[in-house]
>>> print(open('data.cif').read())   # mmCIF, N, CA and C atoms
data_start
loop_
_atom_site.label_atom_id
_atom_site.label_comp_id
_atom_site.auth_asym_id
_atom_site.auth_seq_id
_atom_site.Cartn_x
_atom_site.Cartn_y
_atom_site.Cartn_z
N GLN W 1 6.42 -12.96 11.40
CA GLN W 1 6.34 -11.51 11.38
C GLN W 1 7.72 -10.94 11.02
N VAL W 2 7.71 -9.78 10.35
CA VAL W 2 8.96 -9.14 9.98
C VAL W 2 8.74 -7.64 9.87
N GLN W 3 9.71 -6.88 10.34
CA GLN W 3 9.71 -5.43 10.14
C GLN W 3 10.69 -5.10 9.02
N LEU W 4 10.27 -4.13 8.21
CA LEU W 4 11.06 -3.75 7.03
C LEU W 4 11.36 -2.25 7.09
N VAL W 5 12.60 -1.89 6.80
CA VAL W 5 13.00 -0.48 6.81
C VAL W 5 13.73 -0.16 5.52
N GLU W 6 13.15 0.78 4.75
CA GLU W 6 13.77 1.19 3.50
C GLU W 6 14.73 2.35 3.73
N SER W 7 15.69 2.46 2.84
CA SER W 7 16.61 3.59 2.85
C SER W 7 17.17 3.77 1.44
N GLY W 8 17.79 4.91 1.21
CA GLY W 8 18.46 5.14 -0.07
C GLY W 8 17.74 6.07 -1.02
N GLY W 9 16.54 6.51 -0.66
CA GLY W 9 15.82 7.43 -1.53
C GLY W 9 16.45 8.82 -1.50
N GLY W 10 15.95 9.68 -2.40
CA GLY W 10 16.47 11.03 -2.44
C GLY W 10 16.11 11.72 -3.73
N LEU W 11 16.78 12.83 -3.96
CA LEU W 11 16.58 13.63 -5.17
C LEU W 11 17.72 13.34 -6.15
N VAL W 12 17.36 13.06 -7.39
CA VAL W 12 18.35 12.74 -8.40
C VAL W 12 17.91 13.35 -9.73
N GLN W 13 18.88 13.70 -10.55
CA GLN W 13 18.56 14.26 -11.87
C GLN W 13 18.17 13.16 -12.84
N PRO W 14 17.40 13.49 -13.86
CA PRO W 14 17.09 12.50 -14.89
C PRO W 14 18.36 11.88 -15.47
N GLY W 15 18.31 10.56 -15.65
CA GLY W 15 19.48 9.83 -16.11
C GLY W 15 20.38 9.34 -15.00
N GLY W 16 20.11 9.78 -13.78
CA GLY W 16 20.93 9.38 -12.64
C GLY W 16 20.56 8.03 -12.08
N SER W 17 21.24 7.65 -11.00
CA SER W 17 21.04 6.34 -10.38
C SER W 17 20.85 6.47 -8.87
N LEU W 18 20.14 5.53 -8.31
CA LEU W 18 19.98 5.38 -6.87
C LEU W 18 19.92 3.90 -6.56
N ARG W 19 20.34 3.55 -5.34
CA ARG W 19 20.15 2.17 -4.88
C ARG W 19 19.35 2.21 -3.58
N LEU W 20 18.21 1.56 -3.62
CA LEU W 20 17.37 1.44 -2.43
C LEU W 20 17.72 0.16 -1.69
N SER W 21 17.63 0.24 -0.38
CA SER W 21 17.85 -0.92 0.47
C SER W 21 16.62 -1.17 1.33
N CYS W 22 16.37 -2.41 1.61
CA CYS W 22 15.28 -2.82 2.51
C CYS W 22 15.86 -3.79 3.52
N ALA W 23 16.02 -3.31 4.74
CA ALA W 23 16.58 -4.13 5.81
C ALA W 23 15.46 -4.80 6.59
N ALA W 24 15.58 -6.11 6.76
CA ALA W 24 14.57 -6.88 7.49
C ALA W 24 15.02 -7.14 8.92
N SER W 25 14.04 -7.32 9.80
CA SER W 25 14.32 -7.52 11.22
C SER W 25 14.66 -8.96 11.55
N ARG W 26 14.57 -9.84 10.57
CA ARG W 26 14.86 -11.25 10.80
C ARG W 26 15.47 -11.82 9.53
N SER W 27 15.86 -13.05 9.58
CA SER W 27 16.43 -13.70 8.41
C SER W 27 15.44 -13.69 7.26
N ILE W 28 15.93 -13.35 6.07
CA ILE W 28 15.07 -13.36 4.89
C ILE W 28 15.22 -14.65 4.09
N PHE W 29 16.05 -15.55 4.57
CA PHE W 29 16.35 -16.77 3.82
C PHE W 29 15.07 -17.52 3.46
N SER W 30 14.12 -17.56 4.40
CA SER W 30 12.92 -18.36 4.19
C SER W 30 11.73 -17.53 3.72
N ILE W 31 11.93 -16.25 3.46
CA ILE W 31 10.82 -15.41 3.00
C ILE W 31 10.51 -15.75 1.55
N ASP W 32 9.26 -16.09 1.28
CA ASP W 32 8.88 -16.60 -0.03
C ASP W 32 9.08 -15.58 -1.15
N VAL W 33 8.56 -14.38 -0.93
CA VAL W 33 8.64 -13.34 -1.95
C VAL W 33 8.96 -12.01 -1.28
N MET W 34 9.87 -11.28 -1.87
CA MET W 34 10.13 -9.90 -1.47
C MET W 34 10.05 -9.03 -2.71
N GLY W 35 9.64 -7.79 -2.50
CA GLY W 35 9.51 -6.94 -3.67
C GLY W 35 9.50 -5.47 -3.36
N TRP W 36 9.47 -4.70 -4.42
CA TRP W 36 9.39 -3.25 -4.34
C TRP W 36 8.12 -2.79 -5.08
N TYR W 37 7.40 -1.91 -4.42
CA TYR W 37 6.24 -1.26 -5.01
C TYR W 37 6.48 0.25 -4.95
N ARG W 38 5.70 0.97 -5.73
CA ARG W 38 5.80 2.42 -5.66
C ARG W 38 4.42 3.05 -5.80
N GLN W 39 4.34 4.26 -5.26
CA GLN W 39 3.08 5.01 -5.35
C GLN W 39 3.40 6.46 -5.63
N ALA W 40 2.94 6.92 -6.79
CA ALA W 40 3.12 8.31 -7.18
C ALA W 40 1.92 9.12 -6.68
N PRO W 41 2.07 10.43 -6.54
CA PRO W 41 0.95 11.26 -6.07
C PRO W 41 -0.29 11.08 -6.94
N GLY W 42 -1.42 10.81 -6.29
CA GLY W 42 -2.67 10.67 -7.01
C GLY W 42 -2.85 9.35 -7.73
N LYS W 43 -1.92 8.41 -7.53
CA LYS W 43 -2.02 7.12 -8.21
C LYS W 43 -2.01 5.98 -7.19
N GLY W 44 -2.39 4.82 -7.65
CA GLY W 44 -2.38 3.65 -6.78
C GLY W 44 -0.99 3.05 -6.66
N ARG W 45 -0.85 2.14 -5.71
CA ARG W 45 0.44 1.48 -5.51
C ARG W 45 0.62 0.42 -6.59
N GLU W 46 1.80 0.37 -7.19
CA GLU W 46 2.04 -0.56 -8.29
C GLU W 46 3.35 -1.33 -8.07
N LEU W 47 3.36 -2.54 -8.58
CA LEU W 47 4.55 -3.38 -8.47
C LEU W 47 5.67 -2.84 -9.35
N VAL W 48 6.86 -2.78 -8.79
CA VAL W 48 8.05 -2.42 -9.55
C VAL W 48 8.82 -3.70 -9.92
N ALA W 49 9.11 -4.51 -8.91
CA ALA W 49 9.85 -5.75 -9.13
C ALA W 49 9.71 -6.62 -7.90
N ASP W 50 9.80 -7.94 -8.11
CA ASP W 50 9.87 -8.82 -6.96
C ASP W 50 10.83 -9.97 -7.24
N ILE W 51 11.18 -10.65 -6.15
CA ILE W 51 12.16 -11.73 -6.24
C ILE W 51 11.74 -12.83 -5.27
N THR W 52 11.77 -14.07 -5.74
CA THR W 52 11.37 -15.18 -4.90
C THR W 52 12.53 -15.71 -4.07
N ARG W 53 12.21 -16.61 -3.17
CA ARG W 53 13.24 -17.24 -2.34
C ARG W 53 14.26 -17.97 -3.22
N GLY W 54 13.77 -18.50 -4.34
CA GLY W 54 14.65 -19.22 -5.24
C GLY W 54 15.44 -18.31 -6.18
N GLY W 55 15.18 -17.00 -6.10
CA GLY W 55 15.95 -16.06 -6.91
C GLY W 55 15.30 -15.67 -8.22
N ARG W 56 14.07 -16.16 -8.46
CA ARG W 56 13.39 -15.76 -9.70
C ARG W 56 12.95 -14.31 -9.58
N LYS W 57 13.22 -13.53 -10.62
CA LYS W 57 12.92 -12.09 -10.60
C LYS W 57 11.82 -11.75 -11.60
N ASN W 58 11.06 -10.76 -11.22
CA ASN W 58 9.96 -10.29 -12.07
C ASN W 58 9.98 -8.77 -12.05
N TYR W 59 9.87 -8.17 -13.24
CA TYR W 59 9.92 -6.72 -13.35
C TYR W 59 8.69 -6.18 -14.08
N ALA W 60 8.26 -5.00 -13.67
CA ALA W 60 7.25 -4.27 -14.43
C ALA W 60 7.88 -3.83 -15.75
N ASP W 61 7.08 -3.78 -16.79
CA ASP W 61 7.62 -3.44 -18.12
C ASP W 61 8.33 -2.09 -18.12
N TYR W 62 7.82 -1.16 -17.33
CA TYR W 62 8.37 0.19 -17.40
C TYR W 62 9.72 0.34 -16.71
N VAL W 63 10.23 -0.72 -16.06
CA VAL W 63 11.55 -0.63 -15.45
C VAL W 63 12.53 -1.65 -16.01
N LYS W 64 12.05 -2.52 -16.88
CA LYS W 64 12.93 -3.54 -17.44
C LYS W 64 14.12 -2.90 -18.15
N GLY W 65 15.29 -3.42 -17.87
CA GLY W 65 16.51 -2.88 -18.47
C GLY W 65 17.10 -1.71 -17.72
N ARG W 66 16.37 -1.16 -16.76
CA ARG W 66 16.85 -0.01 -15.99
C ARG W 66 17.04 -0.34 -14.51
N PHE W 67 16.16 -1.16 -13.95
CA PHE W 67 16.20 -1.48 -12.53
C PHE W 67 16.62 -2.94 -12.35
N THR W 68 17.31 -3.19 -11.24
CA THR W 68 17.71 -4.55 -10.90
C THR W 68 17.41 -4.82 -9.43
N ILE W 69 16.67 -5.89 -9.19
CA ILE W 69 16.35 -6.29 -7.82
C ILE W 69 17.30 -7.40 -7.39
N SER W 70 17.67 -7.38 -6.12
CA SER W 70 18.54 -8.44 -5.61
C SER W 70 18.28 -8.60 -4.11
N ARG W 71 18.73 -9.71 -3.56
CA ARG W 71 18.61 -9.92 -2.13
C ARG W 71 19.88 -10.56 -1.61
N ASP W 72 20.30 -10.12 -0.45
CA ASP W 72 21.49 -10.65 0.21
C ASP W 72 21.03 -11.32 1.50
N ASN W 73 20.90 -12.62 1.47
CA ASN W 73 20.39 -13.33 2.63
C ASN W 73 21.31 -13.19 3.85
N ALA W 74 22.60 -13.07 3.62
CA ALA W 74 23.54 -12.96 4.73
C ALA W 74 23.37 -11.64 5.48
N LYS W 75 22.91 -10.61 4.76
CA LYS W 75 22.71 -9.30 5.38
C LYS W 75 21.25 -9.02 5.68
N ASN W 76 20.38 -9.96 5.39
CA ASN W 76 18.94 -9.77 5.60
C ASN W 76 18.44 -8.51 4.91
N THR W 77 18.91 -8.28 3.71
CA THR W 77 18.62 -7.04 3.01
C THR W 77 18.29 -7.31 1.54
N MET W 78 17.33 -6.55 1.06
CA MET W 78 16.97 -6.57 -0.36
C MET W 78 17.33 -5.22 -0.96
N TYR W 79 17.67 -5.21 -2.24
CA TYR W 79 18.09 -3.99 -2.89
C TYR W 79 17.30 -3.74 -4.18
N LEU W 80 17.29 -2.48 -4.58
CA LEU W 80 16.77 -2.11 -5.89
C LEU W 80 17.74 -1.10 -6.48
N GLN W 81 18.50 -1.55 -7.47
CA GLN W 81 19.40 -0.65 -8.19
C GLN W 81 18.61 -0.01 -9.32
N MET W 82 18.55 1.32 -9.30
CA MET W 82 17.77 2.05 -10.29
C MET W 82 18.70 2.92 -11.11
N ASN W 83 18.76 2.64 -12.40
CA ASN W 83 19.60 3.39 -13.32
C ASN W 83 18.75 4.11 -14.35
N ASN W 84 19.33 5.11 -14.99
CA ASN W 84 18.63 5.87 -16.03
C ASN W 84 17.25 6.31 -15.54
N LEU W 85 17.23 6.93 -14.39
CA LEU W 85 15.96 7.34 -13.79
C LEU W 85 15.28 8.43 -14.61
N LYS W 86 13.96 8.38 -14.63
CA LYS W 86 13.14 9.32 -15.37
C LYS W 86 12.23 10.07 -14.41
N PRO W 87 11.76 11.25 -14.80
CA PRO W 87 10.84 11.98 -13.91
C PRO W 87 9.61 11.16 -13.53
N GLU W 88 9.16 10.31 -14.41
CA GLU W 88 7.98 9.49 -14.10
C GLU W 88 8.26 8.39 -13.08
N ASP W 89 9.51 8.20 -12.71
CA ASP W 89 9.85 7.27 -11.64
C ASP W 89 9.67 7.90 -10.26
N THR W 90 9.36 9.18 -10.21
CA THR W 90 9.14 9.87 -8.94
C THR W 90 7.96 9.24 -8.20
N ALA W 91 8.22 8.80 -6.97
CA ALA W 91 7.20 8.11 -6.18
C ALA W 91 7.77 7.79 -4.81
N VAL W 92 6.90 7.34 -3.93
CA VAL W 92 7.34 6.71 -2.69
C VAL W 92 7.50 5.22 -2.99
N TYR W 93 8.66 4.69 -2.66
CA TYR W 93 8.97 3.28 -2.92
C TYR W 93 8.85 2.49 -1.62
N TYR W 94 8.11 1.38 -1.71
CA TYR W 94 7.83 0.55 -0.54
C TYR W 94 8.43 -0.84 -0.71
N CYS W 95 8.97 -1.32 0.36
CA CYS W 95 9.47 -2.69 0.42
C CYS W 95 8.33 -3.60 0.89
N TYR W 96 8.29 -4.80 0.36
CA TYR W 96 7.21 -5.74 0.67
C TYR W 96 7.82 -7.12 0.90
N ALA W 97 7.23 -7.85 1.85
CA ALA W 97 7.65 -9.24 2.08
C ALA W 97 6.42 -10.09 2.35
N GLU W 98 6.41 -11.27 1.77
CA GLU W 98 5.32 -12.21 2.00
C GLU W 98 5.83 -13.37 2.83
N VAL W 99 5.23 -13.55 4.00
CA VAL W 99 5.63 -14.61 4.92
C VAL W 99 4.39 -15.40 5.29
N SER W 100 4.39 -16.67 4.92
CA SER W 100 3.25 -17.54 5.23
C SER W 100 1.94 -16.92 4.77
N LEU W 101 1.95 -16.40 3.56
CA LEU W 101 0.78 -15.81 2.90
C LEU W 101 0.35 -14.49 3.53
N LEU W 102 1.10 -13.95 4.46
CA LEU W 102 0.82 -12.63 5.03
C LEU W 102 1.79 -11.62 4.44
N GLY W 103 1.27 -10.42 4.15
CA GLY W 103 2.10 -9.37 3.57
C GLY W 103 2.53 -8.34 4.59
N TYR W 104 3.77 -7.91 4.46
CA TYR W 104 4.34 -6.91 5.37
C TYR W 104 4.95 -5.79 4.52
N TRP W 105 4.80 -4.56 5.02
CA TRP W 105 5.25 -3.39 4.27
C TRP W 105 6.20 -2.56 5.12
N GLY W 106 7.14 -1.90 4.44
CA GLY W 106 7.95 -0.89 5.09
C GLY W 106 7.22 0.44 5.07
N GLN W 107 7.88 1.47 5.60
CA GLN W 107 7.24 2.77 5.71
C GLN W 107 7.40 3.60 4.46
N GLY W 108 8.27 3.19 3.56
CA GLY W 108 8.45 3.87 2.29
C GLY W 108 9.62 4.84 2.31
N THR W 109 10.18 5.07 1.12
CA THR W 109 11.25 6.04 0.95
C THR W 109 10.97 6.84 -0.33
N GLN W 110 11.12 8.14 -0.24
CA GLN W 110 10.78 9.02 -1.36
C GLN W 110 11.91 9.05 -2.38
N VAL W 111 11.53 8.88 -3.64
CA VAL W 111 12.46 9.05 -4.76
C VAL W 111 11.91 10.16 -5.64
N THR W 112 12.71 11.18 -5.86
CA THR W 112 12.30 12.30 -6.70
C THR W 112 13.31 12.48 -7.82
N VAL W 113 12.83 12.43 -9.05
CA VAL W 113 13.69 12.58 -10.22
C VAL W 113 13.33 13.91 -10.88
N SER W 114 14.24 14.84 -10.79
CA SER W 114 13.95 16.18 -11.29
C SER W 114 15.24 16.93 -11.57
N SER W 115 15.20 17.79 -12.57
CA SER W 115 16.35 18.64 -12.86
C SER W 115 16.23 19.98 -12.15
#
>>> encode(input="data.cif", output="structure tokens")
Amino acid sequence: QVQLVESGGGLVQPGGSLRLSCAASRSIFSIDVMGWYRQAPGKGRELVADITRGGRKNYADYVKGRFTISRDNAKNTMYLQMNNLKPEDTAVYYCYAEVSLLGYWGQGTQVTVSS
């Protein structure tokens, strides 16, 4: 079992940057997969990026070249660096962790991209 807490969301202008953090309640060293999902108003939850225990990264096409996922096992924290943000990136961003085939979610953090 693991509890996840996101932080770092907020309001940013188009072209700006934000870094989201996901702090875990336990060591993430052995967590198989961690990732970021997002849900915009009126839409379903979609994968943004994920990273395996071995460090393999996977990105949705719409964020490739703009977002970078990383994990710091020493700090039990995962990050999402978001650059060149667009209005269509506006959503609630959720942290996800898969432990022994069970999925765990954070409460979400709002990201709003607007001028």
>>> atom_distance(input="data.cif", atom1="CA of Gly106 in chain W", atom2="CA of Gly15 in chain W")
26.4 Å
>>> resolve_selection(input="data.cif", expression="the PyMOL selection byres ((chain W and resi 88) around 8)", output="ChimeraX atom specification")
/W:40,85-87,89-91,113-114
>>> write_last_selection(input="data.cif", atoms="N, CA and C atoms", output="mmCIF file, in the coordinates of the input")
data_model
loop_
_atom_site.group_PDB
_atom_site.id
_atom_site.type_symbol
_atom_site.label_atom_id
_atom_site.label_comp_id
_atom_site.auth_asym_id
_atom_site.auth_seq_id
_atom_site.Cartn_x
_atom_site.Cartn_y
_atom_site.Cartn_z
ATOM 1 N N ALA W 40 2.940 6.920 -6.790
ATOM 2 C CA ALA W 40 3.120 8.310 -7.180
ATOM 3 C C ALA W 40 1.920 9.120 -6.680
ATOM 4 N N LEU W 85 17.230 6.930 -14.390
ATOM 5 C CA LEU W 85 15.960 7.340 -13.790
ATOM 6 C C LEU W 85 15.280 8.430 -14.610
ATOM 7 N N LYS W 86 13.960 8.380 -14.630
ATOM 8 C CA LYS W 86 13.140 9.320 -15.370
ATOM 9 C C LYS W 86 12.230 10.070 -14.410
ATOM 10 N N PRO W 87 11.760 11.250 -14.800
ATOM 11 C CA PRO W 87 10.840 11.980 -13.910
ATOM 12 C C PRO W 87 9.610 11.160 -13.530
ATOM 13 N N ASP W 89 9.510 8.200 -12.710
ATOM 14 C CA ASP W 89 9.850 7.270 -11.640
ATOM 15 C C ASP W 89 9.670 7.900 -10.260
ATOM 16 N N THR W 90 9.360 9.180 -10.210
ATOM 17 C CA THR W 90 9.140 9.870 -8.940
ATOM 18 C C THR W 90 7.960 9.240 -8.200
ATOM 19 N N ALA W 91 8.220 8.800 -6.970
ATOM 20 C CA ALA W 91 7.200 8.110 -6.180
ATOM 21 C C ALA W 91 7.770 7.790 -4.810
ATOM 22 N N VAL W 113 12.830 12.430 -9.050
ATOM 23 C CA VAL W 113 13.690 12.580 -10.220
ATOM 24 C C VAL W 113 13.330 13.910 -10.880
ATOM 25 N N SER W 114 14.240 14.840 -10.790
ATOM 26 C CA SER W 114 13.950 16.180 -11.290
ATOM 27 C C SER W 114 15.240 16.930 -11.570
#
>>> residues_around(input="data.cif", residues="Lys64 in chain W", least_positions_apart="6", cutoff="10 Å", atoms="only C-alpha atoms", output="count of residues only")
3
>>> closest_residue(input="data.cif", among="W:Met78, W:Gly54, W:Ile28, W:Asn84", to="Ser7 in chain W", atoms="only C-alpha atoms")
W:Met78
>>> resolve_selection(input="data.cif", expression="the PyMOL selection byres ((chain W and resi 17) around 7)", output="JSON, numbers by chain")
{"W": [12, 13, 14, 15, 16, 18, 19, 81, 82, 83, 84, 85]}
>>> closest_residue(input="data.cif", among="W:Gln1, W:Ser27, W:Ser115, W:Gln110", to="Asn76 in chain W", atoms="all atoms listed in the file")
W:Ser27
>>> select_by_dssp(input="data.cif", residues="chain W", states="strand (DSSP E or B)", output="MDAnalysis selection string")
chainID W and resid 4:7 10:12 18:24 33:39 46:52 57:59 67:72 77:82 91:99 102:105 109:113
>>> atom_distance(input="data.cif", atom1="atom C of Lys43 in chain W", atom2="CA of Ser21 in chain W")
22.4 Å
>>> resolve_selection(input="data.cif", expression="the PyMOL selection byres ((chain W and resi 4) around 7)", output="JSON, numbers by chain")
{"W": [2, 3, 5, 6, 22, 23, 24, 25, 95, 104, 105, 106, 107]}
>>> atom_distance(input="data.cif", atom1="atom N of Arg56 in chain W", atom2="CA of Val33 in chain W")
8.9 Å
>>> select_by_dssp(input="data.cif", residues="range 57-98 of chain W", states="helix (DSSP H, G or I)", output="PDB file with N, CA and C atoms, in the coordinates of the input")
ATOM      1  N   ASP W  61       7.080  -3.780 -16.790  1.00  0.00           N
ATOM      2  CA  ASP W  61       7.620  -3.440 -18.120  1.00  0.00           C
ATOM      3  C   ASP W  61       8.330  -2.090 -18.120  1.00  0.00           C
ATOM      4  N   TYR W  62       7.820  -1.160 -17.330  1.00  0.00           N
ATOM      5  CA  TYR W  62       8.370   0.190 -17.400  1.00  0.00           C
ATOM      6  C   TYR W  62       9.720   0.340 -16.710  1.00  0.00           C
ATOM      7  N   VAL W  63      10.230  -0.720 -16.060  1.00  0.00           N
ATOM      8  CA  VAL W  63      11.550  -0.630 -15.450  1.00  0.00           C
ATOM      9  C   VAL W  63      12.530  -1.650 -16.010  1.00  0.00           C
ATOM     10  N   ASN W  73      20.900 -12.620   1.470  1.00  0.00           N
ATOM     11  CA  ASN W  73      20.390 -13.330   2.630  1.00  0.00           C
ATOM     12  C   ASN W  73      21.310 -13.190   3.850  1.00  0.00           C
ATOM     13  N   ALA W  74      22.600 -13.070   3.620  1.00  0.00           N
ATOM     14  CA  ALA W  74      23.540 -12.960   4.730  1.00  0.00           C
ATOM     15  C   ALA W  74      23.370 -11.640   5.480  1.00  0.00           C
ATOM     16  N   LYS W  75      22.910 -10.610   4.760  1.00  0.00           N
ATOM     17  CA  LYS W  75      22.710  -9.300   5.380  1.00  0.00           C
ATOM     18  C   LYS W  75      21.250  -9.020   5.680  1.00  0.00           C
ATOM     19  N   PRO W  87      11.760  11.250 -14.800  1.00  0.00           N
ATOM     20  CA  PRO W  87      10.840  11.980 -13.910  1.00  0.00           C
ATOM     21  C   PRO W  87       9.610  11.160 -13.530  1.00  0.00           C
ATOM     22  N   GLU W  88       9.160  10.310 -14.410  1.00  0.00           N
ATOM     23  CA  GLU W  88       7.980   9.490 -14.100  1.00  0.00           C
ATOM     24  C   GLU W  88       8.260   8.390 -13.080  1.00  0.00           C
ATOM     25  N   ASP W  89       9.510   8.200 -12.710  1.00  0.00           N
ATOM     26  CA  ASP W  89       9.850   7.270 -11.640  1.00  0.00           C
ATOM     27  C   ASP W  89       9.670   7.900 -10.260  1.00  0.00           C
TER      28      ASP W  89
END
>>> closest_residue(input="data.cif", among="W:Tyr93, W:Ala74, W:Asp61, W:Arg66", to="Trp36 in chain W", atoms="all atoms listed in the file")
W:Tyr93
>>> closest_residue(input="data.cif", among="W:Gly108, W:Gly35, W:Gly8, W:Gly103", to="Asp50 in chain W", atoms="only N, CA and C atoms")
W:Gly35
>>> decode(input="data.cif", residues="range 39-64 of chain W", atoms="N, CA and C atoms", output="PDB file, in the first residue's frame")
ATOM      1  N   GLN W  39      -7.049  14.703 -16.234  1.00  0.00           N
ATOM      2  CA  GLN W  39      -8.464  14.688 -16.603  1.00  0.00           C
ATOM      3  C   GLN W  39      -8.939  16.117 -16.770  1.00  0.00           C
ATOM      4  N   ALA W  40      -9.345  16.438 -17.993  1.00  0.00           N
ATOM      5  CA  ALA W  40      -9.884  17.761 -18.289  1.00  0.00           C
ATOM      6  C   ALA W  40     -11.392  17.735 -18.077  1.00  0.00           C
ATOM      7  N   PRO W  41     -12.009  18.891 -17.872  1.00  0.00           N
ATOM      8  CA  PRO W  41     -13.459  18.937 -17.666  1.00  0.00           C
ATOM      9  C   PRO W  41     -14.210  18.273 -18.812  1.00  0.00           C
ATOM     10  N   GLY W  42     -15.114  17.359 -18.460  1.00  0.00           N
ATOM     11  CA  GLY W  42     -15.927  16.700 -19.460  1.00  0.00           C
ATOM     12  C   GLY W  42     -15.231  15.603 -20.235  1.00  0.00           C
ATOM     13  N   LYS W  43     -13.990  15.273 -19.835  1.00  0.00           N
ATOM     14  CA  LYS W  43     -13.244  14.235 -20.550  1.00  0.00           C
ATOM     15  C   LYS W  43     -12.812  13.130 -19.587  1.00  0.00           C
ATOM     16  N   GLY W  44     -12.405  12.025 -20.153  1.00  0.00           N
ATOM     17  CA  GLY W  44     -11.926  10.919 -19.339  1.00  0.00           C
ATOM     18  C   GLY W  44     -10.485  11.119 -18.905  1.00  0.00           C
ATOM     19  N   ARG W  45     -10.059  10.289 -17.967  1.00  0.00           N
ATOM     20  CA  ARG W  45      -8.685  10.374 -17.486  1.00  0.00           C
ATOM     21  C   ARG W  45      -7.760   9.736 -18.521  1.00  0.00           C
ATOM     22  N   GLU W  46      -6.650  10.408 -18.817  1.00  0.00           N
ATOM     23  CA  GLU W  46      -5.740   9.913 -19.846  1.00  0.00           C
ATOM     24  C   GLU W  46      -4.298   9.912 -19.339  1.00  0.00           C
ATOM     25  N   LEU W  47      -3.534   8.982 -19.863  1.00  0.00           N
ATOM     26  CA  LEU W  47      -2.128   8.882 -19.486  1.00  0.00           C
ATOM     27  C   LEU W  47      -1.339  10.051 -20.062  1.00  0.00           C
ATOM     28  N   VAL W  48      -0.497  10.635 -19.226  1.00  0.00           N
ATOM     29  CA  VAL W  48       0.423  11.672 -19.674  1.00  0.00           C
ATOM     30  C   VAL W  48       1.811  11.057 -19.879  1.00  0.00           C
ATOM     31  N   ALA W  49       2.304  10.373 -18.854  1.00  0.00           N
ATOM     32  CA  ALA W  49       3.621   9.749 -18.920  1.00  0.00           C
ATOM     33  C   ALA W  49       3.754   8.764 -17.781  1.00  0.00           C
ATOM     34  N   ASP W  50       4.578   7.736 -17.987  1.00  0.00           N
ATOM     35  CA  ASP W  50       4.893   6.851 -16.879  1.00  0.00           C
ATOM     36  C   ASP W  50       6.358   6.436 -16.949  1.00  0.00           C
ATOM     37  N   ILE W  51       6.808   5.877 -15.828  1.00  0.00           N
ATOM     38  CA  ILE W  51       8.212   5.494 -15.701  1.00  0.00           C
ATOM     39  C   ILE W  51       8.283   4.206 -14.891  1.00  0.00           C
ATOM     40  N   THR W  52       9.067   3.261 -15.371  1.00  0.00           N
ATOM     41  CA  THR W  52       9.178   1.984 -14.685  1.00  0.00           C
ATOM     42  C   THR W  52      10.260   2.018 -13.614  1.00  0.00           C
ATOM     43  N   ARG W  53      10.317   0.958 -12.834  1.00  0.00           N
ATOM     44  CA  ARG W  53      11.348   0.849 -11.798  1.00  0.00           C
ATOM     45  C   ARG W  53      12.739   0.900 -12.426  1.00  0.00           C
ATOM     46  N   GLY W  54      12.839   0.368 -13.638  1.00  0.00           N
ATOM     47  CA  GLY W  54      14.119   0.359 -14.325  1.00  0.00           C
ATOM     48  C   GLY W  54      14.456   1.672 -15.020  1.00  0.00           C
ATOM     49  N   GLY W  55      13.511   2.628 -14.969  1.00  0.00           N
ATOM     50  CA  GLY W  55      13.788   3.941 -15.553  1.00  0.00           C
ATOM     51  C   GLY W  55      13.295   4.125 -16.973  1.00  0.00           C
ATOM     52  N   ARG W  56      12.597   3.113 -17.510  1.00  0.00           N
ATOM     53  CA  ARG W  56      12.058   3.271 -18.863  1.00  0.00           C
ATOM     54  C   ARG W  56      10.883   4.244 -18.822  1.00  0.00           C
ATOM     55  N   LYS W  57      10.880   5.203 -19.741  1.00  0.00           N
ATOM     56  CA  LYS W  57       9.856   6.249 -19.765  1.00  0.00           C
ATOM     57  C   LYS W  57       8.961   6.109 -20.989  1.00  0.00           C
ATOM     58  N   ASN W  58       7.719   6.491 -20.779  1.00  0.00           N
ATOM     59  CA  ASN W  58       6.730   6.437 -21.852  1.00  0.00           C
ATOM     60  C   ASN W  58       5.922   7.722 -21.793  1.00  0.00           C
ATOM     61  N   TYR W  59       5.722   8.348 -22.960  1.00  0.00           N
ATOM     62  CA  TYR W  59       5.001   9.610 -23.018  1.00  0.00           C
ATOM     63  C   TYR W  59       3.843   9.536 -24.004  1.00  0.00           C
ATOM     64  N   ALA W  60       2.765  10.236 -23.681  1.00  0.00           N
ATOM     65  CA  ALA W  60       1.695  10.438 -24.649  1.00  0.00           C
ATOM     66  C   ALA W  60       2.222  11.336 -25.764  1.00  0.00           C
ATOM     67  N   ASP W  61       1.738  11.117 -26.969  1.00  0.00           N
ATOM     68  CA  ASP W  61       2.245  11.879 -28.119  1.00  0.00           C
ATOM     69  C   ASP W  61       2.096  13.388 -27.915  1.00  0.00           C
ATOM     70  N   TYR W  62       1.026  13.783 -27.252  1.00  0.00           N
ATOM     71  CA  TYR W  62       0.756  15.217 -27.150  1.00  0.00           C
ATOM     72  C   TYR W  62       1.648  15.945 -26.152  1.00  0.00           C
ATOM     73  N   VAL W  63       2.511  15.219 -25.425  1.00  0.00           N
ATOM     74  CA  VAL W  63       3.435  15.894 -24.511  1.00  0.00           C
ATOM     75  C   VAL W  63       4.893  15.623 -24.843  1.00  0.00           C
ATOM     76  N   LYS W  64       5.141  14.779 -25.828  1.00  0.00           N
ATOM     77  CA  LYS W  64       6.521  14.466 -26.188  1.00  0.00           C
ATOM     78  C   LYS W  64       7.279  15.732 -26.575  1.00  0.00           C
TER      79      LYS W  64
END
